[in-house]
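This is work16.cif (mmCIF, C-alpha atoms).
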data_protein
loop_
_atom_site.group_PDB
_atom_site.id
_atom_site.type_symbol
_atom_site.label_atom_id
_atom_site.label_comp_id
_atom_site.auth_asym_id
_atom_site.auth_seq_id
_atom_site.Cartn_x
_atom_site.Cartn_y
_atom_site.Cartn_z
ATOM 1 C CA GLN A 2 45.215 -8.166 -10.904
ATOM 2 C CA GLU A 3 47.315 -8.111 -7.736
ATOM 3 C CA VAL A 4 48.811 -11.595 -7.837
ATOM 4 C CA CYS A 5 48.585 -13.748 -4.689
ATOM 5 C CA GLY A 6 49.747 -17.044 -6.125
ATOM 6 C CA LEU A 7 51.412 -18.543 -9.200
ATOM 7 C CA LYS A 8 51.968 -22.198 -9.996
ATOM 8 C CA TRP A 9 53.315 -24.029 -13.054
ATOM 9 C CA ASN A 10 51.755 -27.373 -13.922
ATOM 10 C CA PRO A 11 54.144 -30.386 -13.653
ATOM 11 C CA ASN A 12 55.146 -30.483 -17.335
ATOM 12 C CA GLY A 13 55.484 -26.701 -17.709
ATOM 13 C CA GLU A 14 52.753 -26.262 -20.329
ATOM 14 C CA TYR A 15 50.517 -24.022 -18.206
ATOM 15 C CA PHE A 16 50.573 -21.846 -15.152
ATOM 16 C CA ALA A 17 47.789 -20.672 -12.878
ATOM 17 C CA SER A 18 47.492 -17.223 -11.370
ATOM 18 C CA GLY A 19 45.299 -16.239 -8.417
ATOM 19 C CA GLY A 20 44.688 -12.730 -7.204
ATOM 20 C CA ASN A 21 43.293 -10.414 -4.557
ATOM 21 C CA ASP A 22 40.548 -9.550 -7.054
ATOM 22 C CA ASN A 23 39.123 -13.076 -6.457
ATOM 23 C CA LYS A 24 40.051 -14.199 -9.973
ATOM 24 C CA LEU A 25 41.788 -17.323 -11.226
ATOM 25 C CA PHE A 26 43.509 -17.397 -14.600
ATOM 26 C CA VAL A 27 45.294 -20.224 -16.414
ATOM 27 C CA TYR A 28 47.833 -19.273 -19.072
ATOM 28 C CA SER A 29 50.067 -20.946 -21.584
ATOM 29 C CA PRO A 30 53.424 -19.359 -22.414
ATOM 30 C CA LYS A 31 52.404 -19.892 -26.063
ATOM 31 C CA THR A 32 49.417 -17.517 -25.921
ATOM 32 C CA LEU A 33 48.779 -13.935 -24.850
ATOM 33 C CA LEU A 34 45.244 -14.447 -23.549
ATOM 34 C CA PRO A 35 44.270 -16.689 -20.638
ATOM 35 C CA LEU A 36 43.063 -20.193 -21.475
ATOM 36 C CA MET A 37 40.709 -20.180 -18.495
ATOM 37 C CA LYS A 38 39.158 -17.454 -16.303
ATOM 38 C CA LYS A 39 37.201 -18.239 -13.127
ATOM 39 C CA GLN A 40 35.861 -16.242 -10.193
ATOM 40 C CA HIS A 41 35.985 -17.008 -6.456
ATOM 41 C CA LYS A 42 34.322 -15.139 -3.560
ATOM 42 C CA ALA A 43 37.656 -14.151 -1.964
ATOM 43 C CA ALA A 44 41.343 -13.801 -2.814
ATOM 44 C CA VAL A 45 42.781 -16.864 -4.562
ATOM 45 C CA LYS A 46 46.083 -17.625 -2.819
ATOM 46 C CA ALA A 47 46.286 -21.418 -2.846
ATOM 47 C CA LEU A 48 47.030 -23.147 -6.160
ATOM 48 C CA GLY A 49 48.262 -26.616 -7.041
ATOM 49 C CA TRP A 50 48.414 -28.979 -10.014
ATOM 50 C CA SER A 51 47.987 -32.731 -9.785
ATOM 51 C CA GLU A 52 50.861 -34.908 -11.005
ATOM 52 C CA ARG A 53 48.489 -37.905 -11.157
ATOM 53 C CA GLN A 54 45.681 -36.383 -13.236
ATOM 54 C CA THR A 55 46.727 -34.236 -16.192
ATOM 55 C CA GLY A 56 45.019 -30.858 -16.229
ATOM 56 C CA LEU A 57 43.585 -31.109 -12.700
ATOM 57 C CA LEU A 58 44.039 -27.838 -10.813
ATOM 58 C CA ALA A 59 43.133 -27.272 -7.153
ATOM 59 C CA THR A 60 42.437 -23.775 -5.838
ATOM 60 C CA GLY A 61 41.625 -22.355 -2.430
ATOM 61 C CA ALA A 62 40.436 -18.925 -1.391
ATOM 62 C CA GLY A 63 40.097 -16.611 1.592
ATOM 63 C CA SER A 64 37.670 -16.378 4.500
ATOM 64 C CA ALA A 65 34.757 -14.984 2.464
ATOM 65 C CA ASP A 66 34.963 -18.117 0.261
ATOM 66 C CA ARG A 67 36.687 -20.947 2.228
ATOM 67 C CA CYS A 68 36.201 -23.414 -0.637
ATOM 68 C CA LEU A 69 38.616 -25.955 -2.034
ATOM 69 C CA ARG A 70 37.868 -26.279 -5.747
ATOM 70 C CA LEU A 71 39.025 -28.794 -8.341
ATOM 71 C CA TRP A 72 39.115 -27.675 -11.986
ATOM 72 C CA ASN A 73 39.494 -29.659 -15.212
ATOM 73 C CA LEU A 74 41.573 -27.547 -17.583
ATOM 74 C CA LYS A 75 40.606 -29.603 -20.646
ATOM 75 C CA ASP A 76 36.958 -28.521 -20.598
ATOM 76 C CA GLN A 77 37.394 -25.638 -18.099
ATOM 77 C CA SER A 78 34.860 -27.218 -15.764
ATOM 78 C CA LEU A 79 34.501 -27.273 -12.011
ATOM 79 C CA VAL A 80 35.024 -30.927 -11.065
ATOM 80 C CA ASP A 81 34.153 -30.602 -7.364
ATOM 81 C CA PHE A 82 34.251 -28.173 -4.435
ATOM 82 C CA LYS A 83 34.095 -28.268 -0.646
ATOM 83 C CA ASP A 84 33.555 -25.543 1.945
ATOM 84 C CA THR A 85 36.452 -26.171 4.343
ATOM 85 C CA GLY A 86 35.180 -23.883 7.108
ATOM 86 C CA SER A 87 38.175 -21.519 7.057
ATOM 87 C CA GLN A 88 40.376 -19.547 4.688
ATOM 88 C CA ILE A 89 42.742 -21.650 2.592
ATOM 89 C CA CYS A 90 46.261 -20.227 2.616
ATOM 90 C CA ASN A 91 48.194 -22.873 0.699
ATOM 91 C CA LEU A 92 47.845 -26.339 -0.817
ATOM 92 C CA ALA A 93 49.790 -29.185 -2.383
ATOM 93 C CA PHE A 94 48.929 -32.513 -3.967
ATOM 94 C CA SER A 95 50.387 -35.581 -2.257
ATOM 95 C CA LYS A 96 53.098 -37.467 -4.138
ATOM 96 C CA HIS A 97 51.970 -40.827 -2.755
ATOM 97 C CA ASN A 98 48.178 -40.799 -2.545
ATOM 98 C CA ASN A 99 45.321 -39.192 -4.430
ATOM 99 C CA GLU A 100 45.148 -36.482 -1.758
ATOM 100 C CA ILE A 101 45.476 -32.730 -1.300
ATOM 101 C CA ILE A 102 47.099 -31.067 1.709
ATOM 102 C CA THR A 103 45.672 -27.653 2.625
ATOM 103 C CA THR A 104 46.782 -25.085 5.192
ATOM 104 C CA HIS A 105 44.285 -22.760 6.822
ATOM 105 C CA GLY A 106 43.958 -19.435 8.540
ATOM 106 C CA PHE A 107 40.929 -17.735 10.003
ATOM 107 C CA SER A 108 39.510 -19.389 11.895
ATOM 108 C CA ASN A 109 40.943 -22.910 12.239
ATOM 109 C CA ASN A 110 44.751 -22.456 11.810
ATOM 110 C CA GLU A 111 45.217 -26.110 10.878
ATOM 111 C CA ILE A 112 46.487 -28.405 8.151
ATOM 112 C CA ASN A 113 43.980 -30.731 6.486
ATOM 113 C CA ILE A 114 44.426 -33.722 4.225
ATOM 114 C CA TRP A 115 41.668 -34.419 1.713
ATOM 115 C CA GLN A 116 40.936 -37.407 -0.497
ATOM 116 C CA VAL A 117 40.613 -35.970 -4.028
ATOM 117 C CA ASP A 118 37.638 -38.133 -5.000
ATOM 118 C CA GLY A 119 34.649 -36.470 -3.356
ATOM 119 C CA ILE A 120 36.912 -34.069 -1.414
ATOM 120 C CA LYS A 121 36.599 -36.004 1.847
ATOM 121 C CA LYS A 122 38.724 -34.985 4.844
ATOM 122 C CA VAL A 123 40.974 -37.841 5.937
ATOM 123 C CA GLY A 124 43.155 -36.040 8.477
ATOM 124 C CA THR A 125 43.810 -32.863 10.441
ATOM 125 C CA LEU A 126 47.114 -31.635 11.852
ATOM 126 C CA THR A 127 46.975 -29.053 14.629
ATOM 127 C CA GLY A 128 49.537 -27.126 16.599
ATOM 128 C CA HIS A 129 49.908 -23.709 14.993
ATOM 129 C CA THR A 130 48.251 -20.845 16.871
ATOM 130 C CA SER A 131 47.997 -18.474 13.897
ATOM 131 C CA ARG A 132 47.359 -18.609 10.132
ATOM 132 C CA VAL A 133 49.306 -21.425 8.462
ATOM 133 C CA LEU A 134 50.538 -19.391 5.510
ATOM 134 C CA TYR A 135 53.307 -21.564 4.100
ATOM 135 C CA LEU A 136 53.533 -25.195 3.042
ATOM 136 C CA SER A 137 56.336 -27.127 1.417
ATOM 137 C CA LEU A 138 56.316 -30.809 0.509
ATOM 138 C CA SER A 139 59.634 -32.655 0.700
ATOM 139 C CA PRO A 140 61.041 -34.084 -2.566
ATOM 140 C CA CYS A 141 60.335 -37.645 -1.329
ATOM 141 C CA GLY A 142 56.752 -36.686 -0.426
ATOM 142 C CA GLU A 143 57.008 -38.166 3.084
ATOM 143 C CA PHE A 144 57.260 -34.859 4.981
ATOM 144 C CA ILE A 145 55.865 -31.343 4.959
ATOM 145 C CA VAL A 146 57.027 -28.188 6.648
ATOM 146 C CA THR A 147 54.558 -25.449 7.526
ATOM 147 C CA GLY A 148 55.122 -21.853 8.565
ATOM 148 C CA ALA A 149 52.594 -19.688 10.363
ATOM 149 C CA GLY A 150 51.954 -16.246 11.765
ATOM 150 C CA ASP A 151 52.851 -17.672 15.195
ATOM 151 C CA GLU A 152 56.491 -17.393 14.017
ATOM 152 C CA THR A 153 57.114 -21.140 14.047
ATOM 153 C CA LEU A 154 58.057 -23.715 11.447
ATOM 154 C CA ARG A 155 56.641 -27.172 12.049
ATOM 155 C CA PHE A 156 57.895 -30.357 10.427
ATOM 156 C CA TRP A 157 55.354 -33.126 9.921
ATOM 157 C CA ASP A 158 56.069 -36.773 9.140
ATOM 158 C CA LEU A 159 53.257 -37.994 6.893
ATOM 159 C CA ASN A 160 54.231 -41.674 7.385
ATOM 160 C CA TYR A 161 52.731 -42.745 4.073
ATOM 161 C CA ALA A 162 54.987 -45.786 4.004
ATOM 162 C CA GLU A 163 53.603 -47.055 7.311
ATOM 163 C CA LYS A 164 49.969 -45.924 6.729
ATOM 164 C CA LYS A 165 49.690 -44.582 10.291
ATOM 165 C CA GLU A 166 46.736 -42.589 11.539
ATOM 166 C CA PHE A 167 46.997 -38.873 10.768
ATOM 167 C CA LYS A 168 46.255 -37.997 14.398
ATOM 168 C CA GLU A 169 49.656 -39.443 15.341
ATOM 169 C CA PHE A 170 51.387 -36.669 13.357
ATOM 170 C CA ILE A 171 50.738 -34.199 16.149
ATOM 171 C CA ASN A 172 53.065 -36.150 18.419
ATOM 172 C CA THR A 173 55.817 -36.355 15.783
ATOM 173 C CA SER A 174 55.909 -32.732 14.665
ATOM 174 C CA SER A 175 59.000 -30.665 15.340
ATOM 175 C CA ILE A 176 58.869 -26.957 16.050
ATOM 176 C CA LEU A 177 61.438 -24.319 15.182
ATOM 177 C CA ASN A 178 60.951 -20.894 16.727
ATOM 178 C CA PRO A 179 63.708 -18.357 16.047
ATOM 179 C CA ASN A 180 62.566 -16.244 19.019
ATOM 180 C CA MET A 181 63.101 -18.967 21.622
#
Encoded form (structure tokens):
Amino acid sequence: QEVCGLKWNPNGEYFASGGNDNKLFVYSPKTLLPLMKKQHKAAVKALGWSERQTGLLATGAGSADRCLRLWNLKDQSLVDFKDTGSQICNLAFSKHNNEIITTHGFSNNEINIWQVDGIKKVGTLTGHTSRVLYLSLSPCGEFIVTGAGDETLRFWDLNYAEKKEFKEFINTSSILNPNM
């Protein structure tokens, strides 16, 4: 398996591995064999564990799949899934709400925020002109930074404390472009 993504769960008991072979594996450092094996329809690059719900893993895959999936490690079941309409490049669970933040490439090049229950979109952040490959959540959970193929970093204020509309984020993003 050519690995595309690796992610430890919050307490360090398990880690998930996604690959270009469209496979997802979950391992424990205590065992040699995977605890869970699942198949997607495209490369599995986006992986994230919930800090709120033990054993809840979110995965996202490429443009031939485009689905955000939620997995329950305890019974190895698919909890829910949603076709997002474009490849999922990265994801992270919110620290403040029961939400997932996803970044996308072909064809939407945007950042989406999803309510975990029912995987309902609650916000979209736009501004990048190419695949949004990278996502990092600040330690306080109030901000994210995204990096894209357009050679920019964008800083987004999530304003969870003030409960502002997500559409306002576009006006508060900051752009860093090393080529300017």
Practice problem: Between A:Phe156, A:Tyr15, A:Phe82, A:Tyr28, single out the one closest to Trp50 in chain A, counting only C-alpha atoms. | Solution: A:Tyr15
Quiz item: Near Gln88 in chain A, counting only C-alpha atoms, which residues have an atom at most 6 Å away, once you skip same-chain residues fewer than 3 positions from it, shown as a list in words?
Solution: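 Residues near the query, excluding close chain neighbours: Gly63, Ser64, Arg67, His105, Gly106 and Phe107 of chain A.
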Can you spit out the residues from that selection as a compact mmCIF listing (two decimals), in the coordinates of the input, using C-alpha atoms?
# COMPACT_ATOMS: atom_id res chain seq x y z
CA GLY A 63 40.10 -16.61 1.59
CA SER A 64 37.67 -16.38 4.50
CA ARG A 67 36.69 -20.95 2.23
CA HIS A 105 44.28 -22.76 6.82
CA GLY A 106 43.96 -19.43 8.54
CA PHE A 107 40.93 -17.74 10.00
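All polymer residues at most 6 Å from (48.5, -37.1, -6.4), using only C-alpha atoms, appear as Ser51, Glu52, Arg53, Phe94, Ser95, Lys96, Asn98, Asn99 and Glu100 of chain A.
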Self-check item: Among listed residues A:Pro30, A:Pro35, A:Gly86, A:Pro11, nearest Gln54 in chain A (using only C-alpha atoms)
Solution: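 Selected residue with least distance to Gln54 in chain A: A:Pro11.
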Practice problem: Starting from the displayed file, determine the output of the PyMOL selection byres ((chain A and resi 115-126) around 6) and express the residue list as number ranges by chain. | Solution: A: 99-101, 111-114, 127, 167
Quiz item: Applied to the shown file, which residues does the PyMOL selection byres ((chain A and resi 73) around 12) return, written as a ChimeraX atom specification?
Solution: /A:27,36-37,39,50-51,54-60,70-72,74-81
Quiz prompt | Near-Glu143 in chain A list (10 Å; all atoms listed in the file; drop same-chain fewer than 2 positions) as a PyMOL selection string | solution = chain A and resi 95-97+138-141+145+157-162
Thr130 in chain A: which residues within 9 Å, counting all atoms listed in the file, same-chain residues fewer than 4 positions away excluded, as a PDB file with C-alpha atoms, keeping the file's coordinate frame?
ATOM      1  CA  ASN A 109      40.943 -22.910  12.239  1.00  0.00           C
ATOM      2  CA  ASN A 110      44.751 -22.456  11.810  1.00  0.00           C
ATOM      3  CA  GLU A 111      45.217 -26.110  10.878  1.00  0.00           C
ATOM      4  CA  ALA A 149      52.594 -19.688  10.363  1.00  0.00           C
ATOM      5  CA  GLY A 150      51.954 -16.246  11.765  1.00  0.00           C
ATOM      6  CA  ASP A 151      52.851 -17.672  15.195  1.00  0.00           C
TER       7      ASP A 151
END
So what does the PyMOL selection byres ((chain A and resi 137) around 9) actually pick up in this one, as a compact mmCIF listing (two decimals) with C-alpha atoms, keeping the file's coordinate frame?
# COMPACT_ATOMS: atom_id res chain seq x y z
CA LEU A 92 47.84 -26.34 -0.82
CA ALA A 93 49.79 -29.18 -2.38
CA TYR A 135 53.31 -21.56 4.10
CA LEU A 136 53.53 -25.20 3.04
CA LEU A 138 56.32 -30.81 0.51
CA SER A 139 59.63 -32.66 0.70
CA PHE A 144 57.26 -34.86 4.98
CA ILE A 145 55.86 -31.34 4.96
CA VAL A 146 57.03 -28.19 6.65
CA THR A 147 54.56 -25.45 7.53
CA GLY A 148 55.12 -21.85 8.56
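Straight-line separation from CA of Ser131 in chain A to CA of Thr104 in chain A: 11.0 Å.
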Practice problem: Name the residues in contact with Ala44 in chain A at a cut-off of 9 Å, using all atoms listed in the file, excluding same-chain residues fewer than 3 positions from it; report them as a VMD selection string. | Solution: chain A and resid 5 19 to 24 41 61 to 66
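Picture a line from CA of Asp84 in chain A to CA of Arg155 in chain A; it runs 25.3 Å.
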Exercise. Rounded to one decimal place, report the CA of Leu69 in chain A-CA of Thr103 in chain A distance in Å.
Key: 8.6 Å
